[in-house]
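Report on the following structure.
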Amino acid sequence: MQRRGRKNYAFYQIVVADSRAPRDGKFIERIGSYNPNTNPATVDLNFERALYWLQVGAQPTDTARNILSREGVCLKKHLLEGVKKGAFDEAKAEEKFQTWLKSKQTSLQAIKDKNSEAARATAKARLEAEKEVNKAKAEIVAKKKAELAAAEAAKQAAEAAAAASTEETPAPAENAE
């Protein structure tokens, strides 16, 4: 595997290389790529070429073996060796592989659905929390507006009472005798 990508965002190329070559050095053939940054990790693999190299004796590294096993290359190699030994015919091997592949795709789709459902639930919870916060803020604002309106009404009432009291006080009456 050859490391590519930028710092803190690794991206790997799956390559066939001589075991003496450095990690990012000269290689024989590029057979795929691996992106661990997605959920679930994305693997783009040339299945036929990977199978060919395993059949001619290539020894994958531990990480590459895990990736090839997860993609079904190791299972296909195992089934084809069973066909060579006469344990079962090629049609039965292909049927077993297709059954495994279908179950693998189903489980992968279940994981993707679970992740998307969790993301939707998180977004919905965040939205509900934001609505609660906005509702609390609206209540506080309404309460302050009511207090201001009450204070303004009280002020106007006091001014009106003061104006009324100055109008009601009779001026000293002059007696005309």
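Following the order of the structure tokens, first chain is A, next is B, and so on, with residues numbered from 1 inside each chain and ligands from 1 in the order they appear.
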Please, which residues in segment 12-125 of chain A fall within 12 Å of segment 4-8 of chain A when counting only C-alpha atoms, and what is the closest atom pair and distance in Å to one decimal for each, ordered by chain then residue number, as JSON lines?
{"residue": "A:Tyr12", "atom": "CA", "partner": "A:Arg4", "partner_atom": "CA", "distance": 5.4}
{"residue": "A:Gln13", "atom": "CA", "partner": "A:Arg4", "partner_atom": "CA", "distance": 7.2}
{"residue": "A:Ile14", "atom": "CA", "partner": "A:Arg4", "partner_atom": "CA", "distance": 10.7}
{"residue": "A:Arg23", "atom": "CA", "partner": "A:Arg4", "partner_atom": "CA", "distance": 11.0}
{"residue": "A:Asp24", "atom": "CA", "partner": "A:Arg4", "partner_atom": "CA", "distance": 8.7}
{"residue": "A:Gly25", "atom": "CA", "partner": "A:Arg4", "partner_atom": "CA", "distance": 12.0}
{"residue": "A:Ser33", "atom": "CA", "partner": "A:Arg4", "partner_atom": "CA", "distance": 9.9}
{"residue": "A:Tyr34", "atom": "CA", "partner": "A:Arg4", "partner_atom": "CA", "distance": 10.0}
{"residue": "A:Asn35", "atom": "CA", "partner": "A:Gly5", "partner_atom": "CA", "distance": 9.6}
{"residue": "A:Pro36", "atom": "CA", "partner": "A:Gly5", "partner_atom": "CA", "distance": 11.2}
{"residue": "A:Asn37", "atom": "CA", "partner": "A:Asn8", "partner_atom": "CA", "distance": 9.6}
>> as a ChimeraX atom specification, please: the residues near segment 104-121 of chain A (cut-off 10 Å, only C-alpha atoms, same-chain neighbours under 5 positions excluded).
In response: /A:39-40,70-72,98-99,126-127
Now that the selection is made, can you save its residues with N, CA and C atoms as a PDB file, in the first residue's frame?
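The resulting file, part-v7.pdb, is shown below:
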ATOM      1  N   ASN A  39     -17.062   6.707   5.844  1.00  0.00           N
ATOM      2  CA  ASN A  39     -17.682   5.755   6.760  1.00  0.00           C
ATOM      3  C   ASN A  39     -18.793   5.021   6.049  1.00  0.00           C
ATOM      4  N   PRO A  40     -18.688   3.746   5.772  1.00  0.00           N
ATOM      5  CA  PRO A  40     -17.554   2.854   5.948  1.00  0.00           C
ATOM      6  C   PRO A  40     -16.451   3.154   4.936  1.00  0.00           C
ATOM      7  N   ARG A  70     -11.841  -8.721   2.967  1.00  0.00           N
ATOM      8  CA  ARG A  70     -13.131  -8.034   3.085  1.00  0.00           C
ATOM      9  C   ARG A  70     -13.812  -7.877   1.732  1.00  0.00           C
ATOM     10  N   GLU A  71     -13.022  -7.729   0.674  1.00  0.00           N
ATOM     11  CA  GLU A  71     -13.578  -7.583  -0.674  1.00  0.00           C
ATOM     12  C   GLU A  71     -13.903  -8.921  -1.323  1.00  0.00           C
ATOM     13  N   GLY A  72     -13.464 -10.038  -0.732  1.00  0.00           N
ATOM     14  CA  GLY A  72     -13.796 -11.359  -1.249  1.00  0.00           C
ATOM     15  C   GLY A  72     -12.754 -11.976  -2.150  1.00  0.00           C
ATOM     16  N   GLN A  98     -21.204 -15.905  -4.869  1.00  0.00           N
ATOM     17  CA  GLN A  98     -22.297 -14.949  -5.071  1.00  0.00           C
ATOM     18  C   GLN A  98     -23.170 -14.842  -3.822  1.00  0.00           C
ATOM     19  N   THR A  99     -23.386 -15.951  -3.136  1.00  0.00           N
ATOM     20  CA  THR A  99     -24.151 -15.924  -1.886  1.00  0.00           C
ATOM     21  C   THR A  99     -23.430 -15.072  -0.847  1.00  0.00           C
ATOM     22  N   ARG A 126     -30.987  17.972  17.278  1.00  0.00           N
ATOM     23  CA  ARG A 126     -30.395  19.309  17.285  1.00  0.00           C
ATOM     24  C   ARG A 126     -31.443  20.362  16.958  1.00  0.00           C
ATOM     25  N   LEU A 127     -32.311  20.061  15.974  1.00  0.00           N
ATOM     26  CA  LEU A 127     -33.369  20.986  15.596  1.00  0.00           C
ATOM     27  C   LEU A 127     -34.356  21.190  16.742  1.00  0.00           C
TER      28      LEU A 127
END
>> When DSSP is applied to the backbone of this structure, which of segment 32-120 of chain A are assigned helix (DSSP H, G or I)? Write them out as a ChimeraX atom specification.
In response: /A:47-55,62-71,73-85,90-120
>> Can you pull out every residue from segment 4-79 of chain A that DSSP, working from the backbone, puts in strand (DSSP E or B), and format the result as a list in words?
In response: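 Reading the DSSP output for segment 4-79 of chain A, strand (DSSP E or B) covers Arg4, Gly5, Arg6, Tyr9, Ala10, Phe11, Tyr12, Gln13, Ile14, Val15, Val16, Glu29, Arg30, Ile31, Gly32, Ser33, Tyr34, Asn35, Thr42, Val43, Asp44 and Leu45 of chain A.
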Contacts of Ala64 of chain A at 12 Å or less, counting only C-alpha atoms, minus same-chain residues fewer than 3 places along, as a PDB file with N, CA and C atoms, in the first residue's frame?
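Below is the file that was written, part17.pdb:
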ATOM      1  N   MET A   1       0.846  -1.163   0.000  1.00  0.00           N
ATOM      2  CA  MET A   1       0.000   0.000   0.000  1.00  0.00           C
ATOM      3  C   MET A   1       0.894   1.230   0.000  1.00  0.00           C
ATOM      4  N   GLN A   2       0.551   2.186  -0.829  1.00  0.00           N
ATOM      5  CA  GLN A   2       1.288   3.439  -0.896  1.00  0.00           C
ATOM      6  C   GLN A   2       0.436   4.544  -0.305  1.00  0.00           C
ATOM      7  N   TYR A  12      -4.747   5.684   0.441  1.00  0.00           N
ATOM      8  CA  TYR A  12      -3.763   4.683   0.060  1.00  0.00           C
ATOM      9  C   TYR A  12      -4.047   4.095  -1.309  1.00  0.00           C
ATOM     10  N   GLN A  13      -2.975   3.783  -2.033  1.00  0.00           N
ATOM     11  CA  GLN A  13      -3.080   3.034  -3.277  1.00  0.00           C
ATOM     12  C   GLN A  13      -2.681   1.603  -2.969  1.00  0.00           C
ATOM     13  N   ILE A  14      -3.461   0.660  -3.456  1.00  0.00           N
ATOM     14  CA  ILE A  14      -3.127  -0.754  -3.286  1.00  0.00           C
ATOM     15  C   ILE A  14      -2.294  -1.133  -4.499  1.00  0.00           C
ATOM     16  N   VAL A  15      -1.050  -1.534  -4.250  1.00  0.00           N
ATOM     17  CA  VAL A  15      -0.125  -1.820  -5.342  1.00  0.00           C
ATOM     18  C   VAL A  15       0.509  -3.193  -5.164  1.00  0.00           C
ATOM     19  N   VAL A  16       1.004  -3.728  -6.280  1.00  0.00           N
ATOM     20  CA  VAL A  16       1.809  -4.943  -6.273  1.00  0.00           C
ATOM     21  C   VAL A  16       3.245  -4.460  -6.400  1.00  0.00           C
ATOM     22  N   ILE A  31      -3.399  -1.842  -8.297  1.00  0.00           N
ATOM     23  CA  ILE A  31      -4.619  -2.628  -8.461  1.00  0.00           C
ATOM     24  C   ILE A  31      -5.831  -2.037  -7.747  1.00  0.00           C
ATOM     25  N   GLY A  32      -5.651  -0.915  -7.058  1.00  0.00           N
ATOM     26  CA  GLY A  32      -6.810  -0.314  -6.408  1.00  0.00           C
ATOM     27  C   GLY A  32      -6.433   0.817  -5.482  1.00  0.00           C
ATOM     28  N   SER A  33      -7.436   1.270  -4.728  1.00  0.00           N
ATOM     29  CA  SER A  33      -7.224   2.331  -3.750  1.00  0.00           C
ATOM     30  C   SER A  33      -8.086   2.067  -2.526  1.00  0.00           C
ATOM     31  N   TYR A  34      -7.661   2.659  -1.419  1.00  0.00           N
ATOM     32  CA  TYR A  34      -8.339   2.490  -0.136  1.00  0.00           C
ATOM     33  C   TYR A  34      -8.431   3.849   0.536  1.00  0.00           C
ATOM     34  N   VAL A  43     -13.268   1.192  -0.759  1.00  0.00           N
ATOM     35  CA  VAL A  43     -12.236   0.410  -1.426  1.00  0.00           C
ATOM     36  C   VAL A  43     -12.609   0.305  -2.893  1.00  0.00           C
ATOM     37  N   LEU A  45     -11.196  -1.592  -6.066  1.00  0.00           N
ATOM     38  CA  LEU A  45     -10.242  -2.663  -6.312  1.00  0.00           C
ATOM     39  C   LEU A  45     -10.499  -3.317  -7.663  1.00  0.00           C
ATOM     40  N   ALA A  50      -6.209  -8.457  -8.718  1.00  0.00           N
ATOM     41  CA  ALA A  50      -5.835  -8.845  -7.363  1.00  0.00           C
ATOM     42  C   ALA A  50      -5.868 -10.367  -7.224  1.00  0.00           C
ATOM     43  N   LEU A  54      -2.631 -12.953  -6.430  1.00  0.00           N
ATOM     44  CA  LEU A  54      -2.655 -13.917  -5.330  1.00  0.00           C
ATOM     45  C   LEU A  54      -2.440 -15.334  -5.848  1.00  0.00           C
ATOM     46  N   ALA A  58       1.719 -13.914  -4.941  1.00  0.00           N
ATOM     47  CA  ALA A  58       1.983 -12.654  -4.241  1.00  0.00           C
ATOM     48  C   ALA A  58       1.583 -12.802  -2.779  1.00  0.00           C
ATOM     49  N   GLN A  59       2.402 -12.254  -1.886  1.00  0.00           N
ATOM     50  CA  GLN A  59       2.134 -12.305  -0.453  1.00  0.00           C
ATOM     51  C   GLN A  59       1.691 -10.917   0.023  1.00  0.00           C
ATOM     52  N   PRO A  60       0.407 -10.728   0.325  1.00  0.00           N
ATOM     53  CA  PRO A  60      -0.053  -9.394   0.755  1.00  0.00           C
ATOM     54  C   PRO A  60       0.410  -9.086   2.172  1.00  0.00           C
ATOM     55  N   THR A  61       0.551  -7.802   2.450  1.00  0.00           N
ATOM     56  CA  THR A  61       0.834  -7.374   3.820  1.00  0.00           C
ATOM     57  C   THR A  61      -0.405  -7.631   4.661  1.00  0.00           C
ATOM     58  N   ILE A  67      -7.932  -6.111   3.636  1.00  0.00           N
ATOM     59  CA  ILE A  67      -8.740  -5.457   2.606  1.00  0.00           C
ATOM     60  C   ILE A  67      -9.183  -6.467   1.552  1.00  0.00           C
ATOM     61  N   LEU A  68      -8.254  -7.296   1.097  1.00  0.00           N
ATOM     62  CA  LEU A  68      -8.585  -8.296   0.076  1.00  0.00           C
ATOM     63  C   LEU A  68      -9.591  -9.307   0.611  1.00  0.00           C
ATOM     64  N   SER A  69      -9.456  -9.667   1.858  1.00  0.00           N
ATOM     65  CA  SER A  69     -10.396 -10.601   2.465  1.00  0.00           C
ATOM     66  C   SER A  69     -11.781  -9.981   2.554  1.00  0.00           C
ATOM     67  N   ARG A  70     -11.841  -8.721   2.967  1.00  0.00           N
ATOM     68  CA  ARG A  70     -13.131  -8.034   3.085  1.00  0.00           C
ATOM     69  C   ARG A  70     -13.812  -7.877   1.732  1.00  0.00           C
ATOM     70  N   GLU A  71     -13.022  -7.729   0.674  1.00  0.00           N
ATOM     71  CA  GLU A  71     -13.578  -7.583  -0.674  1.00  0.00           C
ATOM     72  C   GLU A  71     -13.903  -8.921  -1.323  1.00  0.00           C
ATOM     73  N   VAL A  73     -11.634 -11.335  -2.343  1.00  0.00           N
ATOM     74  CA  VAL A  73     -10.591 -11.876  -3.216  1.00  0.00           C
ATOM     75  C   VAL A  73     -10.015 -13.155  -2.611  1.00  0.00           C
ATOM     76  N   CYS A  74      -9.758 -13.150  -1.312  1.00  0.00           N
ATOM     77  CA  CYS A  74      -9.202 -14.337  -0.652  1.00  0.00           C
ATOM     78  C   CYS A  74     -10.188 -15.500  -0.686  1.00  0.00           C
TER      79      CYS A  74
END
> Which distance in Å separates atom CA of Asp89 of chain A and atom CA of Lys77 of chain A, to one decimal?
Replying inline: 14.0 Å
> Which neighbours of Phe97 of chain A fall inside 10 Å, counting only C-alpha atoms, when residues of the same chain fewer than 2 positions from it are skipped, and could you give them as a list of chain:residue names?
Replying inline: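 Once the nearby chain positions are removed, what remains is A:Gly72, A:Val73, A:Leu75, A:Lys76, A:Leu79, A:Ala91, A:Lys92, A:Ala93, A:Glu94, A:Glu95, A:Thr99, A:Trp100, A:Leu101, A:Lys102, A:Ser103.
Rounded to one decimal, atom CA of Arg30 of chain A and atom CA of Thr63 of chain A lie 15.8 Å from each other.
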